[in-house]
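One file, final.pdb, is given below (PDB, C-alpha atoms).
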ATOM      1  CA  MET A   1     135.654 -34.976 -42.056  1.00  0.00           C
ATOM      2  CA  ARG A   2     134.362 -37.939 -44.065  1.00  0.00           C
ATOM      3  CA  LEU A   3     136.319 -40.538 -42.108  1.00  0.00           C
ATOM      4  CA  PRO A   4     134.885 -39.591 -38.704  1.00  0.00           C
ATOM      5  CA  LEU A   5     131.326 -39.736 -40.119  1.00  0.00           C
ATOM      6  CA  LEU A   6     131.957 -43.180 -41.584  1.00  0.00           C
ATOM      7  CA  ALA A   7     133.502 -44.380 -38.314  1.00  0.00           C
ATOM      8  CA  LEU A   8     130.530 -43.009 -36.399  1.00  0.00           C
ATOM      9  CA  ALA A   9     128.095 -44.798 -38.720  1.00  0.00           C
ATOM     10  CA  ILE A  10     129.944 -48.094 -38.278  1.00  0.00           C
ATOM     11  CA  LEU A  11     130.073 -47.695 -34.508  1.00  0.00           C
ATOM     12  CA  SER A  12     126.331 -47.008 -34.391  1.00  0.00           C
ATOM     13  CA  LEU A  13     125.663 -50.256 -36.260  1.00  0.00           C
ATOM     14  CA  ILE A  14     127.867 -52.259 -33.921  1.00  0.00           C
ATOM     15  CA  ALA A  15     126.213 -50.747 -30.860  1.00  0.00           C
ATOM     16  CA  LEU A  16     122.680 -51.721 -31.936  1.00  0.00           C
ATOM     17  CA  PRO A  17     121.037 -54.268 -29.633  1.00  0.00           C
ATOM     18  CA  GLN A  18     120.932 -57.811 -30.966  1.00  0.00           C
ATOM     19  CA  THR A  19     117.743 -59.614 -31.767  1.00  0.00           C
ATOM     20  CA  ALA A  20     117.099 -62.970 -30.154  1.00  0.00           C
ATOM     21  CA  GLY A  21     117.850 -64.622 -33.492  1.00  0.00           C
ATOM     22  CA  GLN A  22     121.206 -62.880 -33.871  1.00  0.00           C
ATOM     23  CA  ALA A  23     122.224 -63.776 -30.317  1.00  0.00           C
ATOM     24  CA  ALA A  24     121.245 -67.424 -30.809  1.00  0.00           C
ATOM     25  CA  MET A  25     123.216 -67.691 -34.061  1.00  0.00           C
ATOM     26  CA  GLN A  26     126.319 -66.170 -32.453  1.00  0.00           C
ATOM     27  CA  GLN A  27     126.080 -68.865 -29.777  1.00  0.00           C
ATOM     28  CA  GLY A  28     125.916 -71.588 -32.429  1.00  0.00           C
ATOM     29  CA  LYS A  29     122.186 -72.216 -31.905  1.00  0.00           C
ATOM     30  CA  LYS A  30     119.328 -72.043 -34.374  1.00  0.00           C
ATOM     31  CA  ALA A  31     117.496 -68.759 -34.617  1.00  0.00           C
ATOM     32  CA  PRO A  32     113.802 -68.864 -33.750  1.00  0.00           C
ATOM     33  CA  VAL A  33     111.616 -68.740 -36.840  1.00  0.00           C
ATOM     34  CA  GLU A  34     108.243 -67.069 -36.978  1.00  0.00           C
ATOM     35  CA  ASP A  35     105.884 -68.426 -39.610  1.00  0.00           C
ATOM     36  CA  VAL A  36     104.850 -65.484 -41.770  1.00  0.00           C
ATOM     37  CA  TRP A  37     102.175 -67.513 -43.559  1.00  0.00           C
ATOM     38  CA  LYS A  38      99.283 -67.491 -41.151  1.00  0.00           C
ATOM     39  CA  PRO A  39      95.640 -68.294 -41.710  1.00  0.00           C
ATOM     40  CA  ALA A  40      93.204 -65.416 -42.049  1.00  0.00           C
ATOM     41  CA  ALA A  41      92.514 -63.546 -38.829  1.00  0.00           C
ATOM     42  CA  THR A  42      89.343 -64.495 -36.985  1.00  0.00           C
ATOM     43  CA  PRO A  43      86.606 -61.909 -37.561  1.00  0.00           C
ATOM     44  CA  LYS A  44      84.816 -60.486 -34.522  1.00  0.00           C
ATOM     45  CA  GLY A  45      82.264 -63.081 -33.435  1.00  0.00           C
ATOM     46  CA  GLY A  46      83.626 -65.501 -36.022  1.00  0.00           C
ATOM     47  CA  VAL A  47      85.201 -68.936 -36.123  1.00  0.00           C
ATOM     48  CA  SER A  48      88.963 -69.368 -36.087  1.00  0.00           C
ATOM     49  CA  TRP A  49      90.711 -71.472 -38.696  1.00  0.00           C
ATOM     50  CA  ALA A  50      92.479 -73.168 -35.764  1.00  0.00           C
ATOM     51  CA  VAL A  51      89.118 -74.704 -34.810  1.00  0.00           C
ATOM     52  CA  LEU A  52      88.481 -75.931 -38.371  1.00  0.00           C
ATOM     53  CA  GLU A  53      92.066 -77.122 -38.874  1.00  0.00           C
ATOM     54  CA  ALA A  54      91.756 -79.324 -35.775  1.00  0.00           C
ATOM     55  CA  THR A  55      89.713 -81.763 -37.885  1.00  0.00           C
ATOM     56  CA  LYS A  56      91.904 -84.748 -38.676  1.00  0.00           C
ATOM     57  CA  GLU A  57      91.973 -86.547 -41.996  1.00  0.00           C
ATOM     58  CA  GLN A  58      91.642 -90.328 -42.309  1.00  0.00           C
ATOM     59  CA  THR A  59      93.005 -91.509 -45.662  1.00  0.00           C
ATOM     60  CA  ARG A  60      93.019 -94.728 -47.607  1.00  0.00           C
ATOM     61  CA  THR A  61      94.195 -95.778 -51.046  1.00  0.00           C
ATOM     62  CA  GLY A  62      91.428 -97.232 -53.159  1.00  0.00           C
ATOM     63  CA  LYS A  63      91.699-100.215 -55.498  1.00  0.00           C
ATOM     64  CA  ASP A  64      91.935 -97.652 -58.290  1.00  0.00           C
ATOM     65  CA  GLY A  65      95.123 -96.237 -56.738  1.00  0.00           C
ATOM     66  CA  TYR A  66      93.521 -92.918 -55.775  1.00  0.00           C
ATOM     67  CA  LEU A  67      93.783 -91.457 -52.294  1.00  0.00           C
ATOM     68  CA  TYR A  68      90.451 -91.034 -50.485  1.00  0.00           C
ATOM     69  CA  SER A  69      89.918 -89.098 -47.291  1.00  0.00           C
ATOM     70  CA  LYS A  70      87.287 -88.755 -44.600  1.00  0.00           C
ATOM     71  CA  PRO A  71      87.090 -86.151 -41.840  1.00  0.00           C
ATOM     72  CA  LEU A  72      87.405 -86.914 -38.137  1.00  0.00           C
ATOM     73  CA  PHE A  73      85.590 -83.869 -36.765  1.00  0.00           C
ATOM     74  CA  THR A  74      86.335 -82.597 -33.256  1.00  0.00           C
ATOM     75  CA  PRO A  75      83.459 -81.976 -30.821  1.00  0.00           C
ATOM     76  CA  ALA A  76      84.019 -78.205 -31.255  1.00  0.00           C
ATOM     77  CA  VAL A  77      83.556 -78.504 -35.028  1.00  0.00           C
ATOM     78  CA  LYS A  78      80.535 -80.821 -34.679  1.00  0.00           C
ATOM     79  CA  ALA A  79      78.910 -78.159 -32.470  1.00  0.00           C
ATOM     80  CA  LEU A  80      79.061 -75.706 -35.415  1.00  0.00           C
ATOM     81  CA  ALA A  81      77.154 -77.972 -37.827  1.00  0.00           C
ATOM     82  CA  GLY A  82      73.991 -76.327 -39.136  1.00  0.00           C
ATOM     83  CA  LYS A  83      74.785 -73.013 -37.486  1.00  0.00           C
ATOM     84  CA  ARG A  84      75.366 -69.650 -39.137  1.00  0.00           C
ATOM     85  CA  ILE A  85      79.037 -68.779 -38.714  1.00  0.00           C
ATOM     86  CA  LYS A  86      81.454 -66.100 -39.903  1.00  0.00           C
ATOM     87  CA  VAL A  87      84.906 -66.941 -41.191  1.00  0.00           C
ATOM     88  CA  ALA A  88      87.591 -64.960 -43.018  1.00  0.00           C
ATOM     89  CA  GLY A  89      89.774 -66.109 -45.886  1.00  0.00           C
ATOM     90  CA  TRP A  90      90.778 -65.655 -49.497  1.00  0.00           C
ATOM     91  CA  MET A  91      88.548 -66.366 -52.486  1.00  0.00           C
ATOM     92  CA  LYS A  92      89.385 -68.948 -55.122  1.00  0.00           C
ATOM     93  CA  PRO A  93      86.742 -68.355 -57.828  1.00  0.00           C
ATOM     94  CA  LEU A  94      84.962 -71.285 -59.436  1.00  0.00           C
ATOM     95  CA  GLU A  95      82.978 -69.176 -61.892  1.00  0.00           C
ATOM     96  CA  THR A  96      83.878 -66.631 -64.533  1.00  0.00           C
ATOM     97  CA  GLY A  97      82.887 -63.005 -64.220  1.00  0.00           C
ATOM     98  CA  GLY A  98      83.078 -60.142 -61.789  1.00  0.00           C
ATOM     99  CA  ARG A  99      80.836 -61.688 -59.117  1.00  0.00           C
ATOM    100  CA  GLN A 100      80.874 -65.127 -57.491  1.00  0.00           C
ATOM    101  CA  LYS A 101      78.059 -67.227 -56.027  1.00  0.00           C
ATOM    102  CA  HIS A 102      80.147 -70.414 -55.878  1.00  0.00           C
ATOM    103  CA  PHE A 103      83.771 -70.311 -54.761  1.00  0.00           C
ATOM    104  CA  VAL A 104      86.292 -71.816 -52.374  1.00  0.00           C
ATOM    105  CA  LEU A 105      87.315 -69.870 -49.271  1.00  0.00           C
ATOM    106  CA  LEU A 106      90.986 -70.546 -48.469  1.00  0.00           C
ATOM    107  CA  ALA A 107      92.453 -70.312 -44.972  1.00  0.00           C
ATOM    108  CA  TYR A 108      95.845 -69.180 -46.300  1.00  0.00           C
ATOM    109  CA  PRO A 109      96.689 -66.578 -48.937  1.00  0.00           C
ATOM    110  CA  PRO A 110      96.753 -68.000 -52.462  1.00  0.00           C
ATOM    111  CA  GLY A 111     100.220 -68.502 -53.837  1.00  0.00           C
ATOM    112  CA  CYS A 112     101.731 -69.222 -50.431  1.00  0.00           C
ATOM    113  CA  PRO A 113     104.982 -71.094 -51.158  1.00  0.00           C
ATOM    114  CA  PHE A 114     104.536 -73.283 -48.065  1.00  0.00           C
ATOM    115  CA  HIS A 115     100.944 -74.325 -48.765  1.00  0.00           C
ATOM    116  CA  PHE A 116     100.897 -75.313 -52.423  1.00  0.00           C
ATOM    117  CA  HIS A 117      97.780 -77.417 -52.001  1.00  0.00           C
ATOM    118  CA  ALA A 118      95.290 -76.772 -49.242  1.00  0.00           C
ATOM    119  CA  VAL A 119      94.304 -79.865 -47.287  1.00  0.00           C
ATOM    120  CA  PRO A 120      90.575 -80.446 -46.714  1.00  0.00           C
ATOM    121  CA  ASN A 121      90.491 -78.746 -43.290  1.00  0.00           C
ATOM    122  CA  GLN A 122      91.925 -75.522 -44.786  1.00  0.00           C
ATOM    123  CA  PHE A 123      89.146 -74.553 -47.176  1.00  0.00           C
ATOM    124  CA  ILE A 124      85.376 -74.187 -47.353  1.00  0.00           C
ATOM    125  CA  GLU A 125      83.207 -74.585 -50.450  1.00  0.00           C
ATOM    126  CA  VAL A 126      80.878 -71.555 -50.467  1.00  0.00           C
ATOM    127  CA  TYR A 127      77.429 -71.225 -52.047  1.00  0.00           C
ATOM    128  CA  ALA A 128      76.300 -67.617 -51.782  1.00  0.00           C
ATOM    129  CA  ASP A 129      72.792 -66.176 -51.935  1.00  0.00           C
ATOM    130  CA  ILE A 130      74.315 -62.734 -52.410  1.00  0.00           C
ATOM    131  CA  PRO A 131      77.182 -62.673 -54.946  1.00  0.00           C
ATOM    132  CA  PHE A 132      80.630 -61.613 -53.801  1.00  0.00           C
ATOM    133  CA  PRO A 133      82.831 -59.341 -55.927  1.00  0.00           C
ATOM    134  CA  THR A 134      85.589 -61.453 -57.488  1.00  0.00           C
ATOM    135  CA  ASN A 135      88.842 -60.665 -55.705  1.00  0.00           C
ATOM    136  CA  GLU A 136      91.603 -63.212 -55.167  1.00  0.00           C
ATOM    137  CA  THR A 137      93.992 -60.875 -53.364  1.00  0.00           C
ATOM    138  CA  LYS A 138      91.856 -59.330 -50.627  1.00  0.00           C
ATOM    139  CA  MET A 139      90.818 -61.178 -47.477  1.00  0.00           C
ATOM    140  CA  ILE A 140      87.029 -61.417 -47.180  1.00  0.00           C
ATOM    141  CA  VAL A 141      84.607 -62.387 -44.413  1.00  0.00           C
ATOM    142  CA  VAL A 142      81.803 -64.820 -45.229  1.00  0.00           C
ATOM    143  CA  SER A 143      78.669 -65.518 -43.213  1.00  0.00           C
ATOM    144  CA  GLY A 144      76.779 -68.726 -43.917  1.00  0.00           C
ATOM    145  CA  VAL A 145      75.344 -71.961 -42.575  1.00  0.00           C
ATOM    146  CA  LEU A 146      78.101 -74.535 -42.054  1.00  0.00           C
ATOM    147  CA  GLU A 147      77.615 -78.065 -43.352  1.00  0.00           C
ATOM    148  CA  LEU A 148      80.021 -80.820 -42.352  1.00  0.00           C
ATOM    149  CA  THR A 149      80.685 -83.018 -45.378  1.00  0.00           C
ATOM    150  CA  GLY A 150      83.272 -85.502 -46.536  1.00  0.00           C
ATOM    151  CA  GLN A 151      81.803 -88.774 -45.328  1.00  0.00           C
ATOM    152  CA  ASP A 152      81.505 -89.658 -49.043  1.00  0.00           C
ATOM    153  CA  GLU A 153      85.321 -89.394 -49.253  1.00  0.00           C
ATOM    154  CA  SER A 154      85.065 -86.449 -51.635  1.00  0.00           C
ATOM    155  CA  GLY A 155      87.884 -84.585 -49.894  1.00  0.00           C
ATOM    156  CA  ILE A 156      85.624 -81.623 -49.107  1.00  0.00           C
ATOM    157  CA  PHE A 157      85.063 -81.346 -45.360  1.00  0.00           C
ATOM    158  CA  TYR A 158      83.250 -77.998 -45.116  1.00  0.00           C
ATOM    159  CA  ARG A 159      80.522 -76.296 -47.104  1.00  0.00           C
ATOM    160  CA  MET A 160      78.715 -73.018 -46.380  1.00  0.00           C
ATOM    161  CA  LYS A 161      75.218 -72.451 -47.773  1.00  0.00           C
ATOM    162  CA  ALA A 162      72.990 -69.363 -47.753  1.00  0.00           C
ATOM    163  CA  SER A 163      76.193 -67.344 -47.622  1.00  0.00           C
ATOM    164  CA  SER A 164      76.680 -63.609 -47.908  1.00  0.00           C
ATOM    165  CA  PRO A 165      79.384 -61.017 -47.284  1.00  0.00           C
ATOM    166  CA  ALA A 166      79.636 -60.362 -43.550  1.00  0.00           C
TER
END
Could you write out this structure as structure tokens?
Amino acid sequence: MRLPLLALAILSLIALPQTAGQAAMQQGKKAPVEDVWKPAATPKGGVSWAVLEATKEQTRTGKDGYLYSKPLFTPAVKALAGKRIKVAGWMKPLETGGRQKHFVLLAYPPGCPFHFHAVPNQFIEVYADIPFPTNETKMIVVSGVLELTGQDESGIFYRMKASSPA
């Protein structure tokens, strides 16, 4: 009785439909890969990280050997300057304590093995009027007035002022 059950289990596994990746690998091709590390989802009525990440970075090495960068903002990003926007992301606290009025909003989850260091178009420095609860693991939505920065080669392209939880 055991042998027929085992044979039936094996046959059911063999008869399962193949995924596109399995079929490609059997044909000697590379399997398609889906990136599991995605930026935070765009909140309703909010700004997508794809818009902010479209800003290019112009870099130079200074006489001191340090790398300096300036933003090359797209017209879509320039149109957001000085406007109240909403954007989602993950908090990187800059203060101690259970509530934050100054923090960095990251486009990608912290600890992502493929994004060890966020580039300047993947984070926003946030100054909040209403403190946010400190939480580095939960995605949050921030509403604030967007400032375009970085012309001083500070490496910070975006800042939100008068921010609050959305």
Shell around segment 106-111 of chain A at 10 Å using only C-alpha atoms, local window under 5 positions removed, as a PyMOL selection string | chain A and resi 37-41+48-50+52-53+87-92+116-119+121-125+136-139
Proximity to Gly62 of chain A - best of A:Glu153, A:Val126, A:Pro75, A:Val104, all atoms listed in the file =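 Looking at the shortest contact to Gly62 of chain A, the residue is A:Glu153.
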So which residues get picked by the PyMOL selection byres ((chain A and resi 86) around 9) here, written as a count of residues only?
-> 16
Expansion of the PyMOL selection byres ((chain A and resi 98) around 6) into residues, as a list of chain:residue names |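 For this structure, the PyMOL selection byres ((chain A and resi 98) around 6) resolves to A:Gly97, A:Arg99, A:Pro133, A:Thr134.
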Using C-alpha atoms, can you write the selected residues to a file as a PDB file, in the frame of the given file?
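Saved file out-v8.pdb follows:
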ATOM      1  CA  GLY A  97      82.887 -63.005 -64.220  1.00  0.00           C
ATOM      2  CA  ARG A  99      80.836 -61.688 -59.117  1.00  0.00           C
ATOM      3  CA  PRO A 133      82.831 -59.341 -55.927  1.00  0.00           C
ATOM      4  CA  THR A 134      85.589 -61.453 -57.488  1.00  0.00           C
TER       5      THR A 134
END
May I ask for the distance between atom CA of Glu147 of chain A and atom CA of Lys83 of chain A, given in Å to one decimal place?
->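 Between these atoms lies a distance of 8.2 Å.
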Report the distance between atom CA of Ala54 of chain A and atom CA of Asp129 of chain A in Å, rounded to one decimal place.
->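 These two atoms are separated by 28.2 Å.
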Interatomic distance, atom CA of Ala162 of chain A to atom CA of Gln58 of chain A (Å, one decimal) = 28.6 Å
Kindly indicate which residue among A:Gln151, A:Thr96, A:Gln27, A:Asn135 lies nearest to Pro71 of chain A, using only C-alpha atoms for the distances.
-> A:Gln151
Distance criterion (all atoms listed in the file): nearest to Lys78 of chain A out of A:Tyr158, A:Phe132, A:Tyr127, A:Lys30 =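 Result for the nearest residue to Lys78 of chain A: A:Tyr158.
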To verify the selection step, state as JSON, numbers by chain which residues the PyMOL selection byres ((chain A and resi 69) around 10) yields on this input.
-> {"A": [56, 57, 58, 59, 60, 61, 66, 67, 68, 70, 71, 72, 120, 150, 151, 152, 153, 154, 155, 156, 157]}
Please rebuild segment 70-95 of chain A with N, CA, C and O atoms and give the result as a CSV table (one decimal), in the frame of the given file.
chain,number,residue,atom,x,y,z
A,70,LYS,N,88.5,-89.0,-45.4
A,70,LYS,CA,87.3,-88.8,-44.6
A,70,LYS,C,87.7,-87.9,-43.4
A,70,LYS,O,88.8,-88.0,-42.9
A,71,PRO,N,86.8,-87.0,-43.0
A,71,PRO,CA,87.1,-86.2,-41.8
A,71,PRO,C,86.8,-86.9,-40.5
A,71,PRO,O,86.0,-87.7,-40.4
A,72,LEU,N,87.6,-86.5,-39.5
A,72,LEU,CA,87.4,-86.9,-38.1
A,72,LEU,C,87.2,-85.6,-37.4
A,72,LEU,O,88.1,-85.0,-36.9
A,73,PHE,N,85.9,-85.2,-37.4
A,73,PHE,CA,85.6,-83.9,-36.8
A,73,PHE,C,85.8,-83.9,-35.2
A,73,PHE,O,85.4,-84.9,-34.6
A,74,THR,N,86.2,-82.8,-34.7
A,74,THR,CA,86.3,-82.6,-33.3
A,74,THR,C,85.0,-82.2,-32.7
A,74,THR,O,84.1,-81.8,-33.5
A,75,PRO,N,84.7,-82.4,-31.4
A,75,PRO,CA,83.5,-82.0,-30.8
A,75,PRO,C,83.2,-80.5,-31.1
A,75,PRO,O,82.0,-80.1,-31.3
A,76,ALA,N,84.2,-79.6,-31.0
A,76,ALA,CA,84.0,-78.2,-31.3
A,76,ALA,C,83.5,-77.9,-32.7
A,76,ALA,O,82.7,-77.1,-32.9
A,77,VAL,N,84.0,-78.7,-33.6
A,77,VAL,CA,83.6,-78.5,-35.0
A,77,VAL,C,82.1,-79.1,-35.2
A,77,VAL,O,81.3,-78.4,-35.8
A,78,LYS,N,81.9,-80.2,-34.6
A,78,LYS,CA,80.5,-80.8,-34.7
A,78,LYS,C,79.5,-79.9,-34.1
A,78,LYS,O,78.4,-79.8,-34.6
A,79,ALA,N,79.8,-79.1,-33.1
A,79,ALA,CA,78.9,-78.2,-32.5
A,79,ALA,C,78.5,-77.0,-33.4
A,79,ALA,O,77.5,-76.4,-33.2
A,80,LEU,N,79.3,-76.8,-34.5
A,80,LEU,CA,79.1,-75.7,-35.4
A,80,LEU,C,78.2,-76.1,-36.6
A,80,LEU,O,77.6,-75.3,-37.3
A,81,ALA,N,77.9,-77.4,-36.7
A,81,ALA,CA,77.2,-78.0,-37.8
A,81,ALA,C,75.7,-77.4,-37.8
A,81,ALA,O,75.1,-77.4,-36.8
A,82,GLY,N,75.3,-76.9,-39.0
A,82,GLY,CA,74.0,-76.3,-39.1
A,82,GLY,C,73.8,-74.9,-38.6
A,82,GLY,O,72.7,-74.4,-38.6
A,83,LYS,N,74.9,-74.4,-38.1
A,83,LYS,CA,74.8,-73.0,-37.5
A,83,LYS,C,75.3,-72.0,-38.5
A,83,LYS,O,76.2,-72.3,-39.2
A,84,ARG,N,74.8,-70.8,-38.4
A,84,ARG,CA,75.4,-69.6,-39.1
A,84,ARG,C,76.7,-69.2,-38.5
A,84,ARG,O,76.7,-68.9,-37.3
A,85,ILE,N,77.7,-69.2,-39.2
A,85,ILE,CA,79.0,-68.8,-38.7
A,85,ILE,C,79.6,-67.7,-39.6
A,85,ILE,O,79.1,-67.5,-40.7
A,86,LYS,N,80.7,-67.0,-39.1
A,86,LYS,CA,81.5,-66.1,-39.9
A,86,LYS,C,82.9,-66.6,-39.9
A,86,LYS,O,83.4,-67.0,-38.9
A,87,VAL,N,83.5,-66.5,-41.1
A,87,VAL,CA,84.9,-66.9,-41.2
A,87,VAL,C,85.6,-66.1,-42.3
A,87,VAL,O,84.9,-65.7,-43.2
A,88,ALA,N,86.8,-65.8,-42.1
A,88,ALA,CA,87.6,-65.0,-43.0
A,88,ALA,C,88.5,-65.8,-43.8
A,88,ALA,O,88.9,-66.9,-43.4
A,89,GLY,N,88.8,-65.4,-45.0
A,89,GLY,CA,89.8,-66.1,-45.9
A,89,GLY,C,89.9,-65.4,-47.2
A,89,GLY,O,89.5,-64.3,-47.4
A,90,TRP,N,90.5,-66.2,-48.2
A,90,TRP,CA,90.8,-65.7,-49.5
A,90,TRP,C,90.0,-66.5,-50.5
A,90,TRP,O,89.9,-67.7,-50.4
A,91,MET,N,89.4,-65.8,-51.5
A,91,MET,CA,88.5,-66.4,-52.5
A,91,MET,C,89.4,-67.1,-53.6
A,91,MET,O,90.3,-66.5,-54.1
A,92,LYS,N,88.9,-68.3,-53.9
A,92,LYS,CA,89.4,-68.9,-55.1
A,92,LYS,C,88.1,-69.1,-56.0
A,92,LYS,O,87.3,-70.0,-55.7
A,93,PRO,N,88.0,-68.3,-57.0
A,93,PRO,CA,86.7,-68.4,-57.8
A,93,PRO,C,86.6,-69.7,-58.5
A,93,PRO,O,87.5,-70.3,-59.0
A,94,LEU,N,85.3,-70.1,-58.7
A,94,LEU,CA,85.0,-71.3,-59.4
A,94,LEU,C,84.1,-70.9,-60.6
A,94,LEU,O,83.7,-71.8,-61.4
A,95,GLU,N,83.8,-69.7,-60.8
A,95,GLU,CA,83.0,-69.2,-61.9
A,95,GLU,C,83.7,-68.1,-62.6
A,95,GLU,O,84.7,-67.5,-62.1
